[in-house]
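Structure file structure_7.cif; described as mmCIF, C-alpha atoms.
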data_query
#
loop_
_atom_site.group_PDB
_atom_site.id
_atom_site.type_symbol
_atom_site.label_atom_id
_atom_site.label_comp_id
_atom_site.auth_asym_id
_atom_site.auth_seq_id
_atom_site.Cartn_x
_atom_site.Cartn_y
_atom_site.Cartn_z
ATOM 1 C CA MET W 1 72.555 131.501 83.807
ATOM 2 C CA SER W 2 75.740 130.340 82.094
ATOM 3 C CA SER W 3 76.853 126.720 81.983
ATOM 4 C CA LEU W 4 79.896 127.541 84.141
ATOM 5 C CA THR W 5 77.672 129.074 86.819
ATOM 6 C CA LEU W 6 75.414 126.021 86.755
ATOM 7 C CA TYR W 7 78.440 123.751 87.040
ATOM 8 C CA ALA W 8 79.779 125.721 90.006
ATOM 9 C CA SER W 9 76.395 125.636 91.748
ATOM 10 C CA ASP W 10 76.221 121.850 91.269
ATOM 11 C CA VAL W 11 79.702 121.437 92.764
ATOM 12 C CA VAL W 12 78.849 123.630 95.753
ATOM 13 C CA ALA W 13 75.574 121.781 96.341
ATOM 14 C CA LEU W 14 77.295 118.388 96.255
ATOM 15 C CA ALA W 15 80.083 119.508 98.590
ATOM 16 C CA ARG W 16 77.542 121.059 100.967
ATOM 17 C CA LYS W 17 75.636 117.775 101.004
ATOM 18 C CA ASP W 18 78.722 115.868 102.160
ATOM 19 C CA LEU W 19 79.553 118.458 104.801
ATOM 20 C CA ARG W 20 76.015 118.415 106.197
ATOM 21 C CA LEU W 21 75.996 114.628 106.344
ATOM 22 C CA GLU W 22 79.257 114.683 108.277
ATOM 23 C CA LEU W 23 78.003 117.333 110.690
ATOM 24 C CA ARG W 24 74.994 115.147 111.430
ATOM 25 C CA ALA W 25 76.678 111.747 111.602
ATOM 26 C CA ARG W 26 80.148 112.753 112.875
ATOM 27 C CA ASP W 27 81.665 109.583 111.415
ATOM 28 C CA THR W 28 84.755 110.749 109.548
ATOM 29 C CA LEU W 29 86.113 114.001 110.960
ATOM 30 C CA PRO W 30 86.413 112.980 114.645
ATOM 31 C CA ALA W 31 88.235 109.811 113.612
ATOM 32 C CA MET W 32 90.662 111.809 111.450
ATOM 33 C CA LEU W 33 91.342 114.336 114.219
ATOM 34 C CA LEU W 34 91.922 111.640 116.824
ATOM 35 C CA PHE W 35 94.112 109.598 114.494
ATOM 36 C CA VAL W 36 96.442 112.412 113.441
ATOM 37 C CA LEU W 37 96.830 113.742 116.973
ATOM 38 C CA SER W 38 97.431 110.346 118.539
ATOM 39 C CA THR W 39 99.938 109.459 115.803
ATOM 40 C CA LEU W 40 102.006 112.574 116.480
ATOM 41 C CA VAL W 41 101.850 111.967 120.225
ATOM 42 C CA VAL W 42 103.110 108.397 119.755
ATOM 43 C CA PHE W 43 105.926 109.610 117.481
ATOM 44 C CA HIS W 44 106.867 112.245 120.054
ATOM 45 C CA PHE W 45 107.354 109.718 122.838
ATOM 46 C CA ALA W 46 108.833 107.013 120.605
ATOM 47 C CA LEU W 47 111.575 109.117 118.977
ATOM 48 C CA PRO W 48 114.845 109.709 120.816
ATOM 49 C CA THR W 49 115.672 113.199 122.046
ATOM 50 C CA GLY W 50 117.401 115.361 119.466
ATOM 51 C CA THR W 51 115.799 113.807 116.390
ATOM 52 C CA SER W 52 116.541 115.899 113.303
ATOM 53 C CA ALA W 53 113.927 118.064 111.604
ATOM 54 C CA ASP W 54 114.309 115.956 108.440
ATOM 55 C CA ALA W 55 113.070 112.835 110.219
ATOM 56 C CA ALA W 56 110.381 114.805 112.042
ATOM 57 C CA TYR W 57 108.914 116.175 108.813
ATOM 58 C CA GLY W 58 108.869 112.675 107.374
ATOM 59 C CA LEU W 59 106.795 111.535 110.347
ATOM 60 C CA LEU W 60 104.460 114.508 109.908
ATOM 61 C CA TRP W 61 103.742 113.407 106.364
ATOM 62 C CA ILE W 62 103.187 109.811 107.395
ATOM 63 C CA ALA W 63 100.546 111.095 109.811
ATOM 64 C CA ILE W 64 98.936 113.360 107.184
ATOM 65 C CA VAL W 65 98.827 110.749 104.419
ATOM 66 C CA PHE W 66 97.347 108.010 106.563
ATOM 67 C CA THR W 67 94.857 110.449 108.064
ATOM 68 C CA ALA W 68 93.813 111.383 104.522
ATOM 69 C CA LEU W 69 93.520 107.696 103.673
ATOM 70 C CA LEU W 70 91.198 107.242 106.628
ATOM 71 C CA GLY W 71 88.975 110.026 105.315
ATOM 72 C CA LEU W 72 89.083 108.776 101.729
ATOM 73 C CA ALA W 73 88.037 105.295 102.817
ATOM 74 C CA ARG W 74 84.814 106.832 104.138
ATOM 75 C CA ALA W 75 84.367 109.394 101.364
ATOM 76 C CA TRP W 76 81.897 107.414 99.277
ATOM 77 C CA ALA W 77 80.351 105.457 102.152
ATOM 78 C CA PRO W 78 77.127 107.558 102.369
ATOM 79 C CA GLU W 79 76.383 107.061 98.678
ATOM 80 C CA ARG W 80 77.301 103.377 98.797
ATOM 81 C CA GLU W 81 75.361 102.564 101.954
ATOM 82 C CA GLY W 82 72.332 104.661 101.048
ATOM 83 C CA GLY W 83 72.208 103.558 97.413
ATOM 84 C CA ALA W 84 72.390 107.193 96.322
ATOM 85 C CA LEU W 85 75.248 106.851 93.858
ATOM 86 C CA ASP W 86 72.986 105.744 91.007
ATOM 87 C CA GLY W 87 70.792 108.762 91.653
ATOM 88 C CA LEU W 88 73.792 111.080 91.489
ATOM 89 C CA VAL W 89 74.923 109.533 88.214
ATOM 90 C CA LEU W 90 71.444 110.010 86.723
ATOM 91 C CA ALA W 91 71.129 113.596 87.972
ATOM 92 C CA PRO W 92 71.006 116.292 85.262
ATOM 93 C CA CYS W 93 74.497 117.635 85.926
ATOM 94 C CA ASP W 94 77.980 117.086 84.609
ATOM 95 C CA ARG W 95 79.307 113.931 86.276
ATOM 96 C CA SER W 96 82.671 115.510 86.910
ATOM 97 C CA ALA W 97 80.855 117.866 89.300
ATOM 98 C CA ILE W 98 80.274 114.837 91.542
ATOM 99 C CA TRP W 99 84.024 114.227 91.724
ATOM 100 C CA LEU W 100 84.823 117.894 92.310
ATOM 101 C CA GLY W 101 82.215 118.261 95.041
ATOM 102 C CA LYS W 102 83.542 115.160 96.776
ATOM 103 C CA THR W 103 87.113 116.437 96.438
ATOM 104 C CA LEU W 104 86.221 119.756 98.052
ATOM 105 C CA ALA W 105 84.437 118.024 100.936
ATOM 106 C CA VAL W 106 87.392 115.709 101.599
ATOM 107 C CA LEU W 107 89.728 118.702 101.390
ATOM 108 C CA VAL W 108 87.717 120.457 104.108
ATOM 109 C CA PHE W 109 87.995 117.377 106.346
ATOM 110 C CA LEU W 110 91.736 117.058 105.716
ATOM 111 C CA THR W 111 92.289 120.777 106.314
ATOM 112 C CA ALA W 112 90.521 120.492 109.673
ATOM 113 C CA ALA W 113 92.811 117.593 110.613
ATOM 114 C CA GLU W 114 95.880 119.586 109.543
ATOM 115 C CA LEU W 115 94.785 122.553 111.674
ATOM 116 C CA VAL W 116 95.253 120.180 114.596
ATOM 117 C CA ALA W 117 98.325 118.387 113.224
ATOM 118 C CA LEU W 118 100.513 121.394 112.419
ATOM 119 C CA PRO W 119 100.314 123.083 115.849
ATOM 120 C CA ALA W 120 100.884 119.686 117.485
ATOM 121 C CA PHE W 121 103.898 119.097 115.238
ATOM 122 C CA ALA W 122 105.289 122.555 116.076
ATOM 123 C CA LEU W 123 104.812 121.814 119.767
ATOM 124 C CA PHE W 124 106.370 118.347 119.748
ATOM 125 C CA PHE W 125 109.033 118.512 117.041
ATOM 126 C CA ALA W 126 110.004 121.621 115.075
ATOM 127 C CA PRO W 127 108.660 125.050 114.055
ATOM 128 C CA VAL W 128 106.523 125.255 110.910
ATOM 129 C CA ASP W 129 107.128 128.229 108.615
ATOM 130 C CA LEU W 130 104.944 129.625 105.841
ATOM 131 C CA VAL W 131 106.816 127.707 103.130
ATOM 132 C CA ALA W 132 106.141 124.404 104.894
ATOM 133 C CA VAL W 133 102.468 125.386 105.262
ATOM 134 C CA ALA W 134 102.325 126.153 101.520
ATOM 135 C CA GLY W 135 103.726 122.679 100.868
ATOM 136 C CA VAL W 136 101.041 121.157 103.077
ATOM 137 C CA VAL W 137 98.313 123.077 101.221
ATOM 138 C CA LEU W 138 99.526 122.081 97.756
ATOM 139 C CA ALA W 139 100.097 118.460 98.722
ATOM 140 C CA SER W 140 96.659 118.285 100.366
ATOM 141 C CA VAL W 141 95.034 119.417 97.121
ATOM 142 C CA GLY W 142 96.856 116.643 95.275
ATOM 143 C CA ILE W 143 95.920 114.063 97.912
ATOM 144 C CA CYS W 144 92.229 114.913 97.688
ATOM 145 C CA THR W 145 92.242 115.261 93.902
ATOM 146 C CA VAL W 146 93.745 111.842 93.283
ATOM 147 C CA GLY W 147 92.287 110.168 96.351
ATOM 148 C CA SER W 148 88.650 111.007 95.655
ATOM 149 C CA LEU W 149 88.924 109.469 92.174
ATOM 150 C CA LEU W 150 90.637 106.323 93.464
ATOM 151 C CA ALA W 151 88.139 106.057 96.328
ATOM 152 C CA ALA W 152 85.314 106.102 93.781
ATOM 153 C CA MET W 153 87.035 103.299 91.874
ATOM 154 C CA ALA W 154 87.561 101.244 95.033
ATOM 155 C CA ALA W 155 84.021 101.830 96.321
ATOM 156 C CA ALA W 156 82.575 99.549 93.662
ATOM 157 C CA SER W 157 84.745 96.582 94.664
ATOM 158 C CA ARG W 158 84.368 94.101 97.499
ATOM 159 C CA GLY W 159 87.889 94.555 98.825
ATOM 160 C CA ARG W 160 87.714 98.348 98.893
ATOM 161 C CA GLU W 161 89.591 98.582 102.212
ATOM 162 C CA VAL W 162 92.589 96.845 100.622
ATOM 163 C CA ILE W 163 92.352 98.195 97.083
ATOM 164 C CA LEU W 164 92.258 101.885 98.013
ATOM 165 C CA PRO W 165 95.631 101.910 99.852
ATOM 166 C CA LEU W 166 97.217 99.858 97.070
ATOM 167 C CA LEU W 167 96.074 102.401 94.489
ATOM 168 C CA PHE W 168 96.568 105.539 96.529
ATOM 169 C CA LEU W 169 99.897 105.135 98.335
ATOM 170 C CA PRO W 170 102.134 104.817 95.233
ATOM 171 C CA LEU W 171 100.606 107.999 93.794
ATOM 172 C CA ALA W 172 101.033 109.756 97.148
ATOM 173 C CA ILE W 173 104.803 109.197 97.237
ATOM 174 C CA PRO W 174 105.588 112.256 95.029
ATOM 175 C CA LEU W 175 103.371 114.370 97.289
ATOM 176 C CA ILE W 176 105.225 113.168 100.377
ATOM 177 C CA VAL W 177 108.568 113.935 98.733
ATOM 178 C CA GLY W 178 107.364 117.397 97.725
ATOM 179 C CA GLY W 179 105.842 118.121 101.121
ATOM 180 C CA VAL W 180 108.949 117.077 103.040
ATOM 181 C CA GLY W 181 111.198 118.945 100.614
ATOM 182 C CA ALA W 182 109.170 122.131 101.002
ATOM 183 C CA GLY W 183 109.639 121.896 104.751
ATOM 184 C CA ILE W 184 113.364 121.163 104.974
ATOM 185 C CA SER W 185 115.118 121.953 101.681
ATOM 186 C CA PRO W 186 116.896 125.237 100.859
ATOM 187 C CA GLN W 187 115.388 124.858 97.365
ATOM 188 C CA ALA W 188 111.839 124.791 98.697
ATOM 189 C CA ALA W 189 110.516 126.764 95.705
ATOM 190 C CA SER W 190 111.367 123.865 93.392
ATOM 191 C CA TYR W 191 109.348 121.473 95.529
ATOM 192 C CA LEU W 192 106.402 123.870 95.643
ATOM 193 C CA SER W 193 106.501 124.176 91.857
ATOM 194 C CA PHE W 194 106.574 120.390 91.572
ATOM 195 C CA LEU W 195 103.545 120.063 93.867
ATOM 196 C CA ALA W 196 101.630 122.702 91.895
ATOM 197 C CA LEU W 197 102.396 120.892 88.627
ATOM 198 C CA TYR W 198 101.296 117.571 90.155
ATOM 199 C CA ASP W 199 98.021 119.152 91.270
ATOM 200 C CA VAL W 200 97.258 120.602 87.842
ATOM 201 C CA VAL W 201 98.107 117.451 85.893
ATOM 202 C CA PHE W 202 96.213 115.039 88.114
ATOM 203 C CA ALA W 203 93.251 117.389 88.505
ATOM 204 C CA ILE W 204 92.854 117.431 84.722
ATOM 205 C CA LEU W 205 93.244 113.647 84.501
ATOM 206 C CA ALA W 206 90.752 113.018 87.308
ATOM 207 C CA TRP W 207 88.244 115.515 85.891
ATOM 208 C CA ALA W 208 88.476 113.937 82.438
ATOM 209 C CA THR W 209 88.265 110.289 83.553
ATOM 210 C CA PHE W 210 85.729 110.422 86.381
ATOM 211 C CA GLU W 211 82.736 109.947 84.093
ATOM 212 C CA TYR W 212 84.179 106.668 82.787
ATOM 213 C CA VAL W 213 85.055 105.496 86.314
ATOM 214 C CA ILE W 214 81.623 106.209 87.752
ATOM 215 C CA THR W 215 79.686 104.574 84.926
ATOM 216 C CA GLU W 216 81.625 101.295 84.981
#

Spell out the structure here as structure tokens.
Amino acid sequence: MSSLTLYASDVVALARKDLRLELRARDTLPAMLLFVLSTLVVFHFALPTGTSADAAYGLLWIAIVFTALLGLARAWAPEREGGALDGLVLAPCDRSAIWLGKTLAVLVFLTAAELVALPAFALFFAPVDLVAVAGVVLASVGICTVGSLLAAMAAASRGREVILPLLFLPLAIPLIVGGVGAGISPQAASYLSFLALYDVVFAILAWATFEYVITE
């Protein structure tokens, strides 16, 4: 079996572990679903009639980003509370596989929340076309890529609930800009290209630095 196949199997096993824990505990996903839906409902009744699509897409991304932050805050909780993180670090696998498995699990949770958010947004505010959906997909990859690394950094500190938003939100601003631009701009292709570039660059940085983050 090649090293790449072993790496992929480690990533799949780690992501499956997180998904099974969530299916049993039901701690993170229900909270994300309820939060994103209730946020859009509140925005719907709070905004005046005739609000432009530009403002509506901005509110959609506020809901998505803070829903993702809710999931990221709980991403490393099972390992932290169960004392399993040291065991993962000592496991005979590439440590970056831990980050990638966690990223995939968080991406599944966020995707599930977006499957609720996008139809609700289309119902309350404005139609969502395929280009806007592509922007959501690319931005979600960036959110989970960066967020899972920052959540691992924050998990080791006492003030993790405060540190994670302070680290994550500034890096999420380009994703919000790209996501909104993909939904409302005539030059949507430029925003999609920007989001794809962001994903590639930060995925490489997170993959390369996770080992140093997790061992500190």

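For the pair CA of Arg74 (chain W) and CA of Thr103 (chain W), the separation is 12.5 Å.
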
For Arg26 (chain W), which of W:Ser38, W:Val128, W:Phe109, W:Ile64 is the closest residue, counting only C-alpha atoms?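 Selected residue with least distance to Arg26 (chain W): W:Phe109.
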
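Here CA of Trp207 (chain W) stands at a distance of 9.1 Å from CA of Arg95 (chain W).
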
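Take the PyMOL selection byres ((chain W and resi 129-138) around 7) and apply it to this file: it picks Pro127, Val128, Ala139, Ser140, Val141, Gly142, Gly179, Ala182, Gly183, Leu192, Leu195 and Ala196 of chain W.
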
Given all atoms listed in the file as the basis, pick out the residue of W:Leu100, W:Glu161, W:Thr145, W:Ile214 nearest to Asp18 (chain W).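 Ranked by minimum distance to Asp18 (chain W), first place goes to W:Leu100.
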
Using 3 Å of padding on each side, determine the axis-aligned box around all atoms of region 146-152 of chain W present in the file and give its centre and edge lengths in Å to one decimal, as AutoDock Vina command-line options.
--center_x 89.5 --center_y 108.9 --center_z 94.3 --size_x 14.4 --size_y 11.8 --size_z 10.2

For Ala68 (chain W): contacts at 12 Å, only C-alpha atoms, fewer than 3 positions along chain excluded, given as a ChimeraX atom specification: /W:28-29,31-33,35-36,61-65,71-75,103,106-114,139-148,151,164-165,168-169,172

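Here CA of Pro30 (chain W) stands at a distance of 14.5 Å from CA of Phe66 (chain W).
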
Can you list what the PyMOL selection byres ((chain W and resi 121) around 9) grabs from this structure, as a ChimeraX atom specification? /W:40-41,44,56-57,60,116-120,122-128

Name the residues in contact with Asp54 (chain W) at a cut-off of 10 Å, using all atoms listed in the file, excluding same-chain residues fewer than 5 positions from it; report them as a PDB file with C-alpha atoms, in the frame of the given file.
ATOM      1  CA  LEU W  59     106.795 111.535 110.347  1.00  0.00           C
ATOM      2  CA  ALA W 126     110.004 121.621 115.075  1.00  0.00           C
ATOM      3  CA  VAL W 180     108.949 117.077 103.040  1.00  0.00           C
ATOM      4  CA  GLY W 181     111.198 118.945 100.614  1.00  0.00           C
ATOM      5  CA  GLY W 183     109.639 121.896 104.751  1.00  0.00           C
ATOM      6  CA  ILE W 184     113.364 121.163 104.974  1.00  0.00           C
ATOM      7  CA  SER W 185     115.118 121.953 101.681  1.00  0.00           C
TER       8      SER W 185
END

Please fill the gaps in region 130-151 of chain W so it has N, CA, C and O atoms, and write that as a PDB file, in the coordinates of the input.
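Saved to part-v1.pdb:
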ATOM      1  N   LEU W 130     105.961 129.431 106.874  1.00  0.00           N
ATOM      2  CA  LEU W 130     104.944 129.625 105.841  1.00  0.00           C
ATOM      3  C   LEU W 130     105.219 128.771 104.605  1.00  0.00           C
ATOM      4  O   LEU W 130     104.281 128.334 103.928  1.00  0.00           O
ATOM      5  N   VAL W 131     106.488 128.546 104.297  1.00  0.00           N
ATOM      6  CA  VAL W 131     106.816 127.707 103.130  1.00  0.00           C
ATOM      7  C   VAL W 131     106.356 126.271 103.365  1.00  0.00           C
ATOM      8  O   VAL W 131     105.793 125.624 102.477  1.00  0.00           O
ATOM      9  N   ALA W 132     106.593 125.764 104.572  1.00  0.00           N
ATOM     10  CA  ALA W 132     106.141 124.404 104.894  1.00  0.00           C
ATOM     11  C   ALA W 132     104.618 124.319 104.849  1.00  0.00           C
ATOM     12  O   ALA W 132     104.056 123.322 104.381  1.00  0.00           O
ATOM     13  N   VAL W 133     103.935 125.364 105.321  1.00  0.00           N
ATOM     14  CA  VAL W 133     102.468 125.386 105.262  1.00  0.00           C
ATOM     15  C   VAL W 133     101.993 125.389 103.808  1.00  0.00           C
ATOM     16  O   VAL W 133     101.020 124.703 103.456  1.00  0.00           O
ATOM     17  N   ALA W 134     102.676 126.148 102.942  1.00  0.00           N
ATOM     18  CA  ALA W 134     102.325 126.153 101.520  1.00  0.00           C
ATOM     19  C   ALA W 134     102.487 124.758 100.916  1.00  0.00           C
ATOM     20  O   ALA W 134     101.668 124.321 100.096  1.00  0.00           O
ATOM     21  N   GLY W 135     103.543 124.051 101.329  1.00  0.00           N
ATOM     22  CA  GLY W 135     103.726 122.679 100.868  1.00  0.00           C
ATOM     23  C   GLY W 135     102.600 121.776 101.326  1.00  0.00           C
ATOM     24  O   GLY W 135     102.124 120.921 100.566  1.00  0.00           O
ATOM     25  N   VAL W 136     102.158 121.953 102.561  1.00  0.00           N
ATOM     26  CA  VAL W 136     101.041 121.157 103.077  1.00  0.00           C
ATOM     27  C   VAL W 136      99.771 121.442 102.279  1.00  0.00           C
ATOM     28  O   VAL W 136      99.020 120.520 101.919  1.00  0.00           O
ATOM     29  N   VAL W 137      99.519 122.709 101.975  1.00  0.00           N
ATOM     30  CA  VAL W 137      98.313 123.077 101.221  1.00  0.00           C
ATOM     31  C   VAL W 137      98.332 122.459  99.832  1.00  0.00           C
ATOM     32  O   VAL W 137      97.348 121.834  99.386  1.00  0.00           O
ATOM     33  N   LEU W 138      99.447 122.610  99.120  1.00  0.00           N
ATOM     34  CA  LEU W 138      99.526 122.081  97.756  1.00  0.00           C
ATOM     35  C   LEU W 138      99.450 120.558  97.740  1.00  0.00           C
ATOM     36  O   LEU W 138      98.773 119.964  96.889  1.00  0.00           O
ATOM     37  N   ALA W 139     100.141 119.921  98.668  1.00  0.00           N
ATOM     38  CA  ALA W 139     100.097 118.460  98.722  1.00  0.00           C
ATOM     39  C   ALA W 139      98.705 117.969  99.105  1.00  0.00           C
ATOM     40  O   ALA W 139      98.249 116.936  98.597  1.00  0.00           O
ATOM     41  N   SER W 140      98.015 118.682  99.970  1.00  0.00           N
ATOM     42  CA  SER W 140      96.659 118.285 100.366  1.00  0.00           C
ATOM     43  C   SER W 140      95.706 118.338  99.182  1.00  0.00           C
ATOM     44  O   SER W 140      94.834 117.475  99.037  1.00  0.00           O
ATOM     45  N   VAL W 141      95.858 119.340  98.336  1.00  0.00           N
ATOM     46  CA  VAL W 141      95.034 119.417  97.121  1.00  0.00           C
ATOM     47  C   VAL W 141      95.276 118.197  96.241  1.00  0.00           C
ATOM     48  O   VAL W 141      94.338 117.581  95.722  1.00  0.00           O
ATOM     49  N   GLY W 142      96.543 117.828  96.080  1.00  0.00           N
ATOM     50  CA  GLY W 142      96.856 116.643  95.275  1.00  0.00           C
ATOM     51  C   GLY W 142      96.311 115.373  95.892  1.00  0.00           C
ATOM     52  O   GLY W 142      95.786 114.499  95.192  1.00  0.00           O
ATOM     53  N   ILE W 143      96.428 115.247  97.227  1.00  0.00           N
ATOM     54  CA  ILE W 143      95.920 114.063  97.912  1.00  0.00           C
ATOM     55  C   ILE W 143      94.423 113.908  97.677  1.00  0.00           C
ATOM     56  O   ILE W 143      93.933 112.816  97.362  1.00  0.00           O
ATOM     57  N   CYS W 144      93.681 114.986  97.827  1.00  0.00           N
ATOM     58  CA  CYS W 144      92.229 114.913  97.688  1.00  0.00           C
ATOM     59  C   CYS W 144      91.803 114.752  96.230  1.00  0.00           C
ATOM     60  O   CYS W 144      90.819 114.061  95.939  1.00  0.00           O
ATOM     61  N   THR W 145      92.556 115.373  95.329  1.00  0.00           N
ATOM     62  CA  THR W 145      92.242 115.261  93.902  1.00  0.00           C
ATOM     63  C   THR W 145      92.368 113.825  93.423  1.00  0.00           C
ATOM     64  O   THR W 145      91.460 113.274  92.800  1.00  0.00           O
ATOM     65  N   VAL W 146      93.508 113.223  93.705  1.00  0.00           N
ATOM     66  CA  VAL W 146      93.745 111.842  93.283  1.00  0.00           C
ATOM     67  C   VAL W 146      92.938 110.867  94.133  1.00  0.00           C
ATOM     68  O   VAL W 146      92.335 109.918  93.626  1.00  0.00           O
ATOM     69  N   GLY W 147      92.926 111.112  95.444  1.00  0.00           N
ATOM     70  CA  GLY W 147      92.287 110.168  96.351  1.00  0.00           C
ATOM     71  C   GLY W 147      90.800 110.022  96.152  1.00  0.00           C
ATOM     72  O   GLY W 147      90.262 108.911  96.255  1.00  0.00           O
ATOM     73  N   SER W 148      90.100 111.117  95.852  1.00  0.00           N
ATOM     74  CA  SER W 148      88.650 111.007  95.655  1.00  0.00           C
ATOM     75  C   SER W 148      88.312 110.194  94.406  1.00  0.00           C
ATOM     76  O   SER W 148      87.321 109.456  94.393  1.00  0.00           O
ATOM     77  N   LEU W 149      89.143 110.295  93.371  1.00  0.00           N
ATOM     78  CA  LEU W 149      88.924 109.469  92.174  1.00  0.00           C
ATOM     79  C   LEU W 149      89.189 108.000  92.479  1.00  0.00           C
ATOM     80  O   LEU W 149      88.381 107.126  92.128  1.00  0.00           O
ATOM     81  N   LEU W 150      90.297 107.709  93.137  1.00  0.00           N
ATOM     82  CA  LEU W 150      90.637 106.323  93.464  1.00  0.00           C
ATOM     83  C   LEU W 150      89.643 105.729  94.455  1.00  0.00           C
ATOM     84  O   LEU W 150      89.315 104.540  94.377  1.00  0.00           O
ATOM     85  N   ALA W 151      89.146 106.546  95.387  1.00  0.00           N
ATOM     86  CA  ALA W 151      88.139 106.057  96.328  1.00  0.00           C
ATOM     87  C   ALA W 151      86.851 105.689  95.610  1.00  0.00           C
ATOM     88  O   ALA W 151      86.179 104.720  95.987  1.00  0.00           O
TER      89      ALA W 151
END
